[in-house]
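Participant: Dropping in entry_19.cif, which is mmCIF, C-alpha atoms:
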data_coords
loop_
_atom_site.label_atom_id
_atom_site.label_comp_id
_atom_site.auth_asym_id
_atom_site.auth_seq_id
_atom_site.Cartn_x
_atom_site.Cartn_y
_atom_site.Cartn_z
CA MET A 15 25.00 -16.33 2.75
CA PRO A 16 25.82 -14.79 -0.63
CA SER A 17 23.02 -13.83 -3.01
CA GLU A 18 22.13 -16.60 -5.38
CA PRO A 19 20.66 -16.27 -8.86
CA GLU A 20 16.91 -16.87 -9.10
CA GLN A 21 16.30 -20.52 -9.87
CA GLY A 22 13.01 -22.36 -9.65
CA GLU A 23 14.85 -25.53 -8.61
CA GLN A 24 16.30 -24.08 -5.44
CA ARG A 25 14.51 -24.62 -2.18
CA ARG A 26 14.70 -21.01 -1.05
CA PRO A 27 16.13 -18.57 -3.56
CA ALA A 28 17.93 -15.63 -2.05
CA LEU A 29 15.97 -12.97 -3.88
CA VAL A 30 12.46 -13.52 -5.18
CA PRO A 31 11.20 -10.94 -7.73
CA GLU A 32 8.99 -8.27 -6.17
CA PRO A 33 5.92 -8.91 -8.41
CA THR A 34 6.04 -12.60 -7.39
CA LEU A 35 6.20 -11.64 -3.72
CA TYR A 36 3.16 -9.41 -4.22
CA ARG A 37 1.23 -12.22 -5.93
CA LEU A 38 2.04 -15.13 -3.60
CA PRO A 39 -0.01 -13.74 -0.67
CA ILE A 40 -2.95 -13.37 -3.09
CA TYR A 41 -2.62 -17.05 -4.02
CA LEU A 42 -2.42 -17.91 -0.33
CA THR A 43 -5.69 -16.09 0.35
CA TYR A 44 -7.34 -17.87 -2.56
CA LEU A 45 -6.08 -21.28 -1.35
CA LYS A 46 -7.27 -20.75 2.21
CA LEU A 47 -10.75 -20.00 0.92
CA ALA A 48 -10.62 -23.05 -1.37
CA LEU A 49 -9.62 -25.24 1.60
CA LYS A 50 -12.46 -23.80 3.67
CA ALA A 51 -14.79 -24.70 0.79
CA GLY A 52 -13.62 -28.31 1.00
CA GLN A 53 -11.30 -28.38 -2.02
CA LYS A 54 -8.45 -30.92 -1.73
CA TYR A 55 -6.60 -30.32 -5.00
CA VAL A 56 -6.32 -27.34 -7.30
CA SER A 57 -4.69 -26.90 -10.71
CA SER A 58 -2.71 -23.81 -11.65
CA THR A 59 -5.14 -23.37 -14.55
CA LYS A 60 -8.12 -23.19 -12.20
CA MET A 61 -6.30 -20.87 -9.79
CA ALA A 62 -5.29 -18.60 -12.64
CA ARG A 63 -8.78 -18.48 -14.12
CA GLU A 64 -10.49 -17.70 -10.82
CA MET A 65 -7.96 -15.03 -9.88
CA GLY A 66 -7.79 -13.52 -13.35
CA VAL A 67 -4.04 -14.19 -13.69
CA ASP A 68 -2.10 -15.85 -16.54
CA PRO A 69 -1.69 -19.64 -15.87
CA THR A 70 2.00 -19.69 -16.80
CA GLN A 71 2.46 -16.83 -14.32
CA VAL A 72 1.00 -18.96 -11.52
CA THR A 73 3.22 -21.92 -12.40
CA LYS A 74 6.26 -19.66 -12.62
CA ASP A 75 5.49 -17.92 -9.32
CA LEU A 76 4.96 -21.22 -7.50
CA GLY A 77 8.19 -22.51 -9.08
CA HIS A 78 10.06 -20.21 -6.69
CA THR A 79 8.87 -22.41 -3.84
CA ALA A 80 9.65 -26.11 -3.39
CA ILE A 81 6.12 -27.27 -4.18
CA VAL A 82 5.54 -29.86 -6.90
CA GLY A 83 2.14 -30.41 -8.50
CA LYS A 84 0.83 -33.83 -9.48
CA THR A 85 -0.04 -34.38 -13.14
CA ARG A 86 -3.81 -34.20 -13.68
CA VAL A 87 -4.82 -33.51 -10.05
CA GLY A 88 -2.66 -30.43 -9.58
CA TYR A 89 -1.44 -29.15 -6.23
CA GLU A 90 -2.64 -30.43 -2.88
CA VAL A 91 -4.30 -27.35 -1.35
CA GLU A 92 -3.25 -27.97 2.24
CA SER A 93 0.42 -28.60 1.42
CA LEU A 94 0.55 -25.61 -0.91
CA ILE A 95 -0.77 -23.36 1.87
CA SER A 96 1.86 -24.65 4.26
CA VAL A 97 4.67 -24.30 1.71
CA LEU A 98 3.62 -20.75 0.86
CA GLU A 99 3.30 -19.69 4.51
CA THR A 100 6.78 -20.99 5.23
CA PHE A 101 8.21 -19.51 2.05
CA LEU A 102 6.72 -16.08 2.81
CA ARG A 103 7.67 -16.36 6.50
CA PHE A 104 4.09 -15.70 7.54
CA ASN A 105 4.04 -18.59 10.05
CA THR A 106 6.84 -17.30 12.26
CA VAL A 107 6.74 -14.02 14.13
CA GLU A 108 9.03 -11.19 13.13
CA TYR A 109 9.20 -8.17 15.46
CA GLY A 110 9.50 -4.54 14.57
CA TYR A 111 9.33 -1.02 15.99
CA LEU A 112 7.03 1.77 14.93
CA PHE A 113 8.18 5.38 14.64
CA GLY A 114 5.48 8.02 14.77
CA ALA A 115 2.27 7.23 16.65
CA GLY A 116 0.12 9.74 14.72
CA SER A 117 -3.09 8.70 13.02
CA LEU A 118 -1.53 6.24 10.55
CA GLY A 119 0.87 4.87 13.16
CA THR A 120 -1.98 4.39 15.63
CA ALA A 121 -3.96 2.71 12.87
CA LEU A 122 -1.18 0.16 12.37
CA LEU A 123 -0.91 -0.43 16.12
CA LEU A 124 -4.62 -1.24 16.22
CA ASP A 125 -4.65 -3.41 13.08
CA HIS A 126 -4.86 -7.13 13.85
CA GLY A 127 -4.01 -8.06 10.27
CA LEU A 128 -0.25 -7.69 10.66
CA ALA A 129 -0.13 -10.42 13.32
CA GLN A 130 -1.83 -12.86 10.96
CA PHE A 131 0.99 -12.32 8.49
CA GLY A 132 3.74 -12.89 11.02
CA PHE A 133 4.51 -9.36 12.10
CA SER A 134 4.31 -7.86 15.56
CA ILE A 135 5.12 -4.35 16.71
CA LYS A 136 7.19 -4.62 19.88
CA ALA A 137 7.34 -0.94 20.81
CA ALA A 138 6.48 2.45 19.34
CA PHE A 139 8.33 5.77 19.53
CA ASP A 140 7.11 9.34 19.31
CA ILE A 141 8.16 12.79 20.53
CA ASN A 142 4.69 14.04 21.46
CA PRO A 143 4.47 14.20 25.31
CA ASP A 144 0.74 13.42 25.06
CA LYS A 145 1.54 10.10 23.38
CA VAL A 146 4.64 9.00 25.31
CA GLY A 147 3.70 6.50 28.03
CA LEU A 148 0.42 5.48 26.39
CA ASN A 149 -0.37 1.91 25.47
CA ILE A 150 -2.11 1.57 22.11
CA GLY A 151 -3.43 -1.84 21.15
CA GLY A 152 -1.03 -3.51 23.57
CA THR A 153 2.07 -1.59 22.44
CA THR A 154 3.83 0.94 24.67
CA ILE A 155 4.77 4.33 23.20
CA TYR A 156 8.23 5.45 24.30
CA HIS A 157 9.97 8.77 23.73
CA LEU A 158 12.13 8.67 20.61
CA ASP A 159 15.15 9.55 22.79
CA ASP A 160 14.71 6.18 24.53
CA PHE A 161 15.07 4.14 21.33
CA GLY A 162 18.74 3.25 22.06
CA ARG A 163 17.82 2.08 25.56
CA VAL A 164 14.68 0.13 24.59
CA LYS A 165 16.00 -1.47 21.41
CA LYS A 166 16.71 -5.22 21.33
CA PRO A 167 19.46 -6.40 18.96
CA ASP A 168 17.31 -9.08 17.30
CA VAL A 169 14.71 -6.56 16.06
CA LYS A 170 15.61 -5.42 12.54
CA ILE A 171 12.45 -3.86 11.07
CA GLY A 172 11.21 -0.32 11.65
CA ILE A 173 7.94 1.18 10.44
CA LEU A 174 8.21 4.84 9.50
CA THR A 175 4.98 6.81 10.01
CA VAL A 176 6.33 10.22 11.05
CA PRO A 177 5.52 13.56 9.35
CA VAL A 178 7.37 13.94 6.01
CA ASP A 179 9.70 16.64 7.30
CA GLN A 180 10.94 14.23 9.99
CA ALA A 181 11.23 11.18 7.75
CA GLN A 182 14.93 11.43 6.87
CA CYS A 183 16.21 12.24 10.35
CA VAL A 184 14.15 9.50 11.99
CA ALA A 185 15.26 7.02 9.29
CA ASP A 186 18.90 7.97 10.05
CA LEU A 187 18.24 7.38 13.74
CA MET A 188 16.67 3.97 13.02
CA ILE A 189 19.70 2.93 11.00
CA ASP A 190 22.15 4.26 13.63
CA GLY A 191 20.24 2.14 16.14
CA GLY A 192 20.87 -1.00 14.11
CA LEU A 193 17.64 -1.48 12.15
CA THR A 194 18.27 -2.88 8.68
CA ALA A 195 14.80 -2.75 7.12
CA ILE A 196 12.52 0.30 6.92
CA TRP A 197 8.85 0.05 5.97
CA ASN A 198 8.31 3.62 4.82
CA PHE A 199 4.67 4.74 4.87
CA THR A 200 5.57 8.39 4.23
CA SER A 201 5.55 9.94 0.77
CA PHE A 202 9.14 11.10 1.34
CA ARG A 203 11.85 9.13 -0.42
CA ILE A 204 14.38 8.41 2.32
CA ARG A 205 18.07 7.95 1.51
CA VAL A 206 19.71 4.95 3.19
CA PRO A 207 23.14 3.29 3.09
CA ASP A 208 23.68 0.21 0.88
CA GLY A 209 22.35 -2.93 2.48
CA VAL A 210 19.40 -1.32 4.23
CA VAL A 211 16.08 -2.65 2.92
CA VAL A 212 13.44 0.00 2.17
CA GLN A 213 9.85 -0.85 1.30
CA ASN A 214 7.78 2.18 0.30
CA THR A 215 4.05 1.89 0.94
CA SER A 216 2.41 5.14 0.05
CA LEU A 217 -1.34 4.74 0.53
CA TYR A 218 -2.05 8.20 -0.74
CA ALA A 219 -0.30 7.61 -4.05
CA HIS A 220 -2.92 4.91 -4.67
CA LEU A 221 -5.59 7.59 -4.32
CA ALA A 222 -3.97 9.42 -7.24
CA VAL A 223 -4.47 6.32 -9.39
CA ILE A 224 -8.12 5.93 -8.36
CA PHE A 225 -8.90 9.61 -9.03
CA ASN A 226 -7.24 9.51 -12.42
CA ARG A 227 -8.90 6.28 -13.55
CA LEU A 228 -12.30 7.41 -12.29
CA HIS A 229 -12.23 10.77 -14.02
CA ALA A 230 -10.58 9.49 -17.19
CA LYS A 231 -13.71 7.40 -17.70
CA GLU A 232 -16.08 10.36 -17.48
CA MET B 6 -15.02 11.25 -23.14
CA PRO B 7 -13.06 8.60 -25.07
CA SER B 8 -9.60 7.59 -23.89
CA GLU B 9 -6.88 9.61 -25.50
CA PRO B 10 -3.32 8.55 -26.18
CA GLU B 11 -0.77 9.79 -23.66
CA GLN B 12 0.66 13.07 -24.83
CA GLY B 13 2.81 15.47 -22.87
CA GLU B 14 1.26 18.41 -24.72
CA GLN B 15 -2.26 17.77 -23.51
CA ARG B 16 -3.54 19.64 -20.52
CA ARG B 17 -5.06 16.60 -18.84
CA PRO B 18 -4.44 13.25 -20.51
CA ALA B 19 -7.21 10.74 -20.06
CA LEU B 20 -5.02 8.01 -18.67
CA VAL B 21 -1.74 8.65 -16.92
CA PRO B 22 0.57 5.61 -16.50
CA GLU B 23 0.34 4.07 -13.05
CA PRO B 24 4.07 4.39 -12.19
CA THR B 25 3.86 8.12 -12.98
CA LEU B 26 0.81 8.47 -10.72
CA TYR B 27 2.75 6.75 -7.94
CA ARG B 28 5.72 9.09 -8.38
CA LEU B 29 3.96 12.44 -8.70
CA PRO B 30 2.79 12.49 -5.03
CA ILE B 31 6.42 11.81 -4.03
CA TYR B 32 7.52 14.84 -6.06
CA LEU B 33 4.75 16.87 -4.45
CA THR B 34 5.99 15.97 -0.97
CA TYR B 35 9.54 16.89 -1.97
CA LEU B 36 8.41 20.25 -3.40
CA LYS B 37 6.36 21.18 -0.33
CA LEU B 38 9.42 20.61 1.84
CA ALA B 39 11.56 22.64 -0.59
CA LEU B 40 9.05 25.51 -0.44
CA LYS B 41 9.05 25.36 3.37
CA ALA B 42 12.85 25.58 3.22
CA GLY B 43 12.54 28.80 1.21
CA GLN B 44 13.40 27.45 -2.26
CA LYS B 45 11.80 29.42 -5.13
CA TYR B 46 12.99 27.44 -8.15
CA VAL B 47 14.06 23.85 -8.62
CA SER B 48 15.52 22.01 -11.60
CA SER B 49 14.47 18.51 -12.57
CA THR B 50 18.13 17.50 -12.20
CA LYS B 51 18.20 18.65 -8.59
CA MET B 52 14.85 17.03 -7.80
CA ALA B 53 15.98 13.78 -9.38
CA ARG B 54 19.30 13.76 -7.53
CA GLU B 55 17.75 14.45 -4.13
CA MET B 56 15.01 11.86 -4.59
CA GLY B 57 17.28 9.25 -6.16
CA VAL B 58 15.25 9.14 -9.41
CA ASP B 59 16.45 9.38 -13.03
CA PRO B 60 16.33 13.04 -14.25
CA THR B 61 14.70 12.14 -17.59
CA GLN B 62 12.06 10.27 -15.57
CA VAL B 63 11.22 13.44 -13.64
CA THR B 64 10.97 15.51 -16.84
CA LYS B 65 8.82 12.84 -18.49
CA ASP B 66 6.53 12.48 -15.46
CA LEU B 67 6.05 16.24 -15.17
CA GLY B 68 5.40 16.35 -18.94
CA HIS B 69 2.03 14.74 -18.23
CA THR B 70 0.99 17.93 -16.47
CA ALA B 71 0.76 21.38 -18.07
CA ILE B 72 3.80 22.77 -16.25
CA VAL B 73 6.64 24.34 -18.23
CA GLY B 74 10.08 24.87 -16.74
CA LYS B 75 12.25 27.91 -17.48
CA THR B 76 15.64 27.29 -19.05
CA ARG B 77 18.41 27.57 -16.44
CA VAL B 78 16.20 28.37 -13.42
CA GLY B 79 13.95 25.31 -13.72
CA TYR B 80 10.43 25.07 -12.31
CA GLU B 81 8.88 27.61 -9.98
CA VAL B 82 8.28 25.56 -6.83
CA GLU B 83 4.99 27.19 -5.82
CA SER B 84 3.39 26.86 -9.28
CA LEU B 85 4.59 23.31 -9.65
CA ILE B 86 2.96 22.38 -6.33
CA SER B 87 -0.30 23.96 -7.43
CA VAL B 88 -0.22 22.29 -10.87
CA LEU B 89 0.49 18.88 -9.32
CA GLU B 90 -2.24 19.22 -6.69
CA THR B 91 -4.78 20.09 -9.36
CA PHE B 92 -3.54 17.39 -11.72
CA LEU B 93 -3.72 14.72 -8.99
CA ARG B 94 -7.06 16.09 -7.75
CA PHE B 95 -5.70 16.44 -4.24
CA ASN B 96 -7.09 19.97 -3.78
CA THR B 97 -10.75 19.07 -4.25
CA VAL B 98 -12.65 16.68 -2.00
CA GLU B 99 -13.82 13.33 -3.34
CA TYR B 100 -16.18 11.33 -1.14
CA GLY B 101 -16.30 7.59 -0.63
CA TYR B 102 -17.84 4.87 1.51
CA LEU B 103 -16.04 2.30 3.61
CA PHE B 104 -17.15 -1.32 3.80
CA GLY B 105 -15.97 -3.27 6.82
CA ALA B 106 -15.24 -1.37 10.03
CA GLY B 107 -12.85 -3.98 11.43
CA SER B 108 -9.35 -3.10 12.55
CA LEU B 109 -8.06 -1.90 9.17
CA GLY B 110 -11.34 -0.13 8.34
CA THR B 111 -11.34 1.62 11.71
CA ALA B 112 -7.72 2.55 11.09
CA LEU B 113 -8.66 4.29 7.84
CA LEU B 114 -11.57 6.07 9.53
CA LEU B 115 -9.17 7.46 12.11
CA ASP B 116 -6.42 8.41 9.66
CA HIS B 117 -6.23 12.16 8.97
CA GLY B 118 -3.93 11.64 6.02
CA LEU B 119 -6.65 10.81 3.51
CA ALA B 120 -8.28 14.21 3.98
CA GLN B 121 -5.02 15.96 3.12
CA PHE B 122 -5.03 14.16 -0.21
CA GLY B 123 -8.59 15.09 -1.10
CA PHE B 124 -10.48 12.06 0.15
CA SER B 125 -13.22 11.91 2.74
CA ILE B 126 -15.19 8.89 3.98
CA LYS B 127 -18.85 9.90 4.07
CA ALA B 128 -20.26 6.76 5.72
CA ALA B 129 -19.16 3.28 6.71
CA PHE B 130 -21.01 -0.05 6.55
CA ASP B 131 -20.67 -3.22 8.59
CA ILE B 132 -22.82 -6.17 9.64
CA ASN B 133 -21.52 -6.43 13.21
CA PRO B 134 -24.32 -5.23 15.56
CA ASP B 135 -21.66 -3.97 17.99
CA LYS B 136 -20.34 -1.61 15.31
CA VAL B 137 -23.57 -0.45 13.66
CA GLY B 138 -24.64 2.93 15.04
CA LEU B 139 -21.17 3.86 16.25
CA ASN B 140 -19.39 6.99 15.13
CA ILE B 141 -15.68 6.47 14.47
CA GLY B 142 -13.56 9.52 13.76
CA GLY B 143 -16.65 11.49 12.72
CA THR B 144 -18.05 8.81 10.41
CA THR B 145 -21.27 6.93 11.18
CA ILE B 146 -21.32 3.13 10.81
CA TYR B 147 -24.53 1.88 9.19
CA HIS B 148 -25.72 -1.66 8.68
CA LEU B 149 -24.71 -3.00 5.27
CA ASP B 150 -28.41 -3.55 4.49
CA ASP B 151 -28.90 0.22 4.65
CA PHE B 152 -26.38 0.96 1.89
CA GLY B 153 -29.08 1.43 -0.76
CA ARG B 154 -30.95 3.88 1.48
CA VAL B 155 -27.92 5.85 2.65
CA LYS B 156 -26.08 6.03 -0.68
CA LYS B 157 -25.85 9.34 -2.52
CA PRO B 158 -25.59 9.17 -6.33
CA ASP B 159 -22.54 11.43 -6.55
CA VAL B 160 -20.36 9.12 -4.42
CA LYS B 161 -18.46 6.72 -6.67
CA ILE B 162 -15.62 5.30 -4.57
CA GLY B 163 -15.86 2.42 -2.10
CA ILE B 164 -13.12 1.18 0.22
CA LEU B 165 -13.18 -2.58 0.73
CA THR B 166 -11.85 -3.70 4.13
CA VAL B 167 -14.05 -6.73 4.85
CA PRO B 168 -12.80 -10.26 5.66
CA VAL B 169 -11.50 -12.05 2.53
CA ASP B 170 -14.40 -14.50 2.41
CA GLN B 171 -16.83 -11.56 2.15
CA ALA B 172 -14.81 -9.55 -0.37
CA GLN B 173 -16.52 -10.69 -3.58
CA CYS B 174 -20.11 -10.48 -2.34
CA VAL B 175 -19.59 -7.04 -0.79
CA ALA B 176 -17.85 -5.86 -3.98
CA ASP B 177 -20.88 -7.06 -5.98
CA LEU B 178 -23.15 -5.16 -3.63
CA MET B 179 -21.05 -2.00 -4.00
CA ILE B 180 -21.27 -2.21 -7.78
CA ASP B 181 -25.02 -2.95 -7.71
CA GLY B 182 -25.38 0.17 -5.59
CA GLY B 183 -23.71 2.29 -8.27
CA LEU B 184 -20.12 2.59 -7.08
CA THR B 185 -17.65 2.61 -9.97
CA ALA B 186 -14.30 2.52 -8.17
CA ILE B 187 -13.21 0.04 -5.51
CA TRP B 188 -10.14 0.55 -3.36
CA ASN B 189 -9.51 -3.05 -2.37
CA PHE B 190 -7.43 -3.48 0.79
CA THR B 191 -8.10 -7.23 1.01
CA SER B 192 -5.74 -9.83 -0.39
CA PHE B 193 -8.62 -11.31 -2.39
CA ARG B 194 -8.69 -10.54 -6.11
CA ILE B 195 -12.24 -9.37 -6.74
CA ARG B 196 -13.87 -9.83 -10.13
CA VAL B 197 -15.68 -6.75 -11.46
CA PRO B 198 -17.50 -5.82 -14.67
CA ASP B 199 -15.68 -3.81 -17.34
CA GLY B 200 -15.55 -0.14 -16.55
CA VAL B 201 -15.26 -0.55 -12.78
CA VAL B 202 -11.95 0.79 -11.44
CA VAL B 203 -10.15 -1.48 -8.96
CA GLN B 204 -7.09 -0.39 -7.03
CA ASN B 205 -5.52 -3.18 -4.98
CA THR B 206 -3.60 -2.08 -1.90
CA SER B 207 -2.43 -5.12 -0.04
CA LEU B 208 -0.34 -3.96 2.92
CA TYR B 209 0.51 -7.49 3.93
CA ALA B 210 2.00 -8.36 0.55
CA HIS B 211 4.57 -5.64 1.27
CA LEU B 212 5.55 -7.56 4.40
CA ALA B 213 6.43 -10.52 2.17
CA VAL B 214 8.89 -8.30 0.28
CA ILE B 215 10.48 -6.98 3.49
CA PHE B 216 10.86 -10.49 4.98
CA ASN B 217 12.39 -11.85 1.78
CA ARG B 218 14.84 -8.95 1.34
CA LEU B 219 15.85 -9.01 4.98
CA HIS B 220 16.54 -12.72 5.11
CA ALA B 221 18.12 -12.89 1.65
CA LYS B 222 20.85 -10.63 3.04
CA GLU B 223 21.67 -12.89 5.98
#
Is it possible to give me this structure as structure tokens?
Facilitator:
Amino acid sequence: MPSEPEQGEQRRPALVPEPTLYRLPIYLTYLKLALKAGQKYVSSTKMAREMGVDPTQVTKDLGHTAIVGKTRVGYEVESLISVLETFLRFNTVEYGYLFGAGSLGTALLLDHGLAQFGFSIKAAFDINPDKVGLNIGGTTIYHLDDFGRVKKPDVKIGILTVPVDQAQCVADLMIDGGLTAIWNFTSFRIRVPDGVVVQNTSLYAHLAVIFNRLHAKE
Amino acid sequence: MPSEPEQGEQRRPALVPEPTLYRLPIYLTYLKLALKAGQKYVSSTKMAREMGVDPTQVTKDLGHTAIVGKTRVGYEVESLISVLETFLRFNTVEYGYLFGAGSLGTALLLDHGLAQFGFSIKAAFDINPDKVGLNIGGTTIYHLDDFGRVKKPDVKIGILTVPVDQAQCVADLMIDGGLTAIWNFTSFRIRVPDGVVVQNTSLYAHLAVIFNRLHAKE
């Protein structure tokens, strides 16, 4: 399917802007809590106010999905949750592999949160003989050399949690093995061929922001 | 100290732009690998090319620090590392508390990476009787009710990893207890008084981006 221009009218646009994709899960969390509290309908104005976001932003973000609000009553909370979960692909399970079962990798293997958002780690790979063969949180750790043998063709996502000096070579290996999306938790900027999706999530860079903001106030 | 306008000439500007603060740790990682590989000097052009960033961006980002490059040879790698570490406050230890020792909280307690970037979790708090009293990765888990008793006045940062429906009330409690910076890992947008620093790190929102990018290609 070729890429399509972003249009609010389309049922599932090919590419949704990154800031929208960051905000939609926040809306989803808000809506689930509203539903739990017994709310049936919610307006974008109310959502915006309670989340501290601009109301036109909420309307625009939701415009990327197929949902339509009713004049005066707003959106039906339950339908909006279901539309968002489908739109974000949080209600189907996507599998991935993890590379590097160090402390951060182990942390992700033990985190139950990923499953709730439709992601499951099918297998992990490491080179440390003390790790290979272990089962962490239900996931088996294989030797990195066995990736080609273990890999299933339908798995496309790889999580990169290796030491920074291994990041590029392991990323190359992931791509050679057929993975087309890399969730990079290292602070190394990997180089990948066109068409490979890279999502950088550098926890430690967020610390830099906190430190700066905290001390700038003093 | 009042906020100052951003100026490259100043030794430590009060507020550094967030995108710069996200990029500087990436440069630091690159430089440490370059040093390990025996490189003594590096130009911003070379750095930019190898990291896939715009060269003027690199120069501008580094302009926030006090470092000065030499014409032709560029920056001295070792000094640049030291300047960046000091600027980002990665070479001193900042303490914080963790709220919510569930799977993500436990993950952070076990992660050695934070320590390398100058952050150490001094104590954790939870309400689950099965968790209270445990020691995870060297950190004691206290009951949330004991926060006031356990808290030291010099600790300002709190990590929020509680369930979303507890996020606001625990955030309020953190602020009442004197914390002035909250690292929010939940997908709930907490409301805080002016002057409290909030850094949102929603891992699961990044999944939404990966899923969208991956399926947009198909």
Participant: Return the neighbours of chain B among the residues of chain A, cut-off 6 Å, counting all atoms listed in the file, as a list in words.
Facilitator: Met15, Ala28, Leu29, Leu35, Tyr36, Pro39, Ile40, Met65, Leu102, Ser117, Leu118, Ala121, Asp125, Ser201, Arg203, Ala219, Ala222, Val223, Ala230 and Glu232 of chain A
Participant: What does the distance from CA of Phe199 in chain A to CA of Asp131 in chain B come to in Å, to one decimal?
Facilitator: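 Atom-to-atom, CA of Phe199 in chain A and CA of Asp131 in chain B are spaced 26.8 Å apart.
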Participant: Could you list, as JSON, numbers by chain, every residue within 9 Å of Pro60 in chain B, counting all atoms listed in the file and ignoring same-chain residues fewer than 5 positions away?
Facilitator: {"B": [49, 50, 51, 52, 53, 54, 65]}
Participant: Include C-alpha atoms and write out the residues we just selected as an mmCIF file, keeping the file's coordinate frame.
Facilitator:
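Full text of part-v7.cif as output:
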data_model
loop_
_atom_site.group_PDB
_atom_site.id
_atom_site.type_symbol
_atom_site.label_atom_id
_atom_site.label_comp_id
_atom_site.auth_asym_id
_atom_site.auth_seq_id
_atom_site.Cartn_x
_atom_site.Cartn_y
_atom_site.Cartn_z
ATOM 1 C CA SER B 49 14.470 18.510 -12.570
ATOM 2 C CA THR B 50 18.130 17.500 -12.200
ATOM 3 C CA LYS B 51 18.200 18.650 -8.590
ATOM 4 C CA MET B 52 14.850 17.030 -7.800
ATOM 5 C CA ALA B 53 15.980 13.780 -9.380
ATOM 6 C CA ARG B 54 19.300 13.760 -7.530
ATOM 7 C CA LYS B 65 8.820 12.840 -18.490
#
Participant: What's around Val97 in chain A at 8 Å? Count all atoms listed in the file, leave out sequence neighbours fewer than 2 positions away in its own chain, and write the answer as a PyMOL selection string.
Facilitator: chain A and resi 79-81+93-95+99-101
Participant: Could you tell me, as a PyMOL selection string, exactly which residues end up selected when the PyMOL selection byres ((chain A and resi 110) around 6) is applied to this structure?
Facilitator: chain A and resi 109+111+135-136+169+171-172
Participant: What does the distance between CA of Lys145 in chain A and CA of Val176 in chain A come to in Å, to one decimal place?
Facilitator: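 It comes out at 13.2 Å.
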Participant: Grab the CA of Leu112 in chain A to CA of Asp190 in chain A distance for me, in Å with one decimal place.
Facilitator: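 Computing the Euclidean distance for CA of Leu112 in chain A and CA of Asp190 in chain A yields 15.4 Å.
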Participant: Which of these, A:Val206, A:Gln71, A:His78, A:Lys84, has the shortest distance to Ser57 in chain A once you count only C-alpha atoms?
Facilitator: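 Comparing A:Val206, A:Gln71, A:His78, A:Lys84 against Ser57 in chain A, the winner is A:Lys84.
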Participant: Which polymer residues have any atom within 8 Å of an atom of range 146-151 of chain B, counting all atoms listed in the file, with same-chain residues fewer than 2 positions away left out, as a list in words?
Facilitator: Phe104, Ala106, Ala128, Ala129, Phe130, Asp131, Ile132, Asn133, Pro134, Lys136, Val137, Gly138, Leu139, Asn140, Ile141, Thr144, Gly153, Arg154 and Val155 of chain B
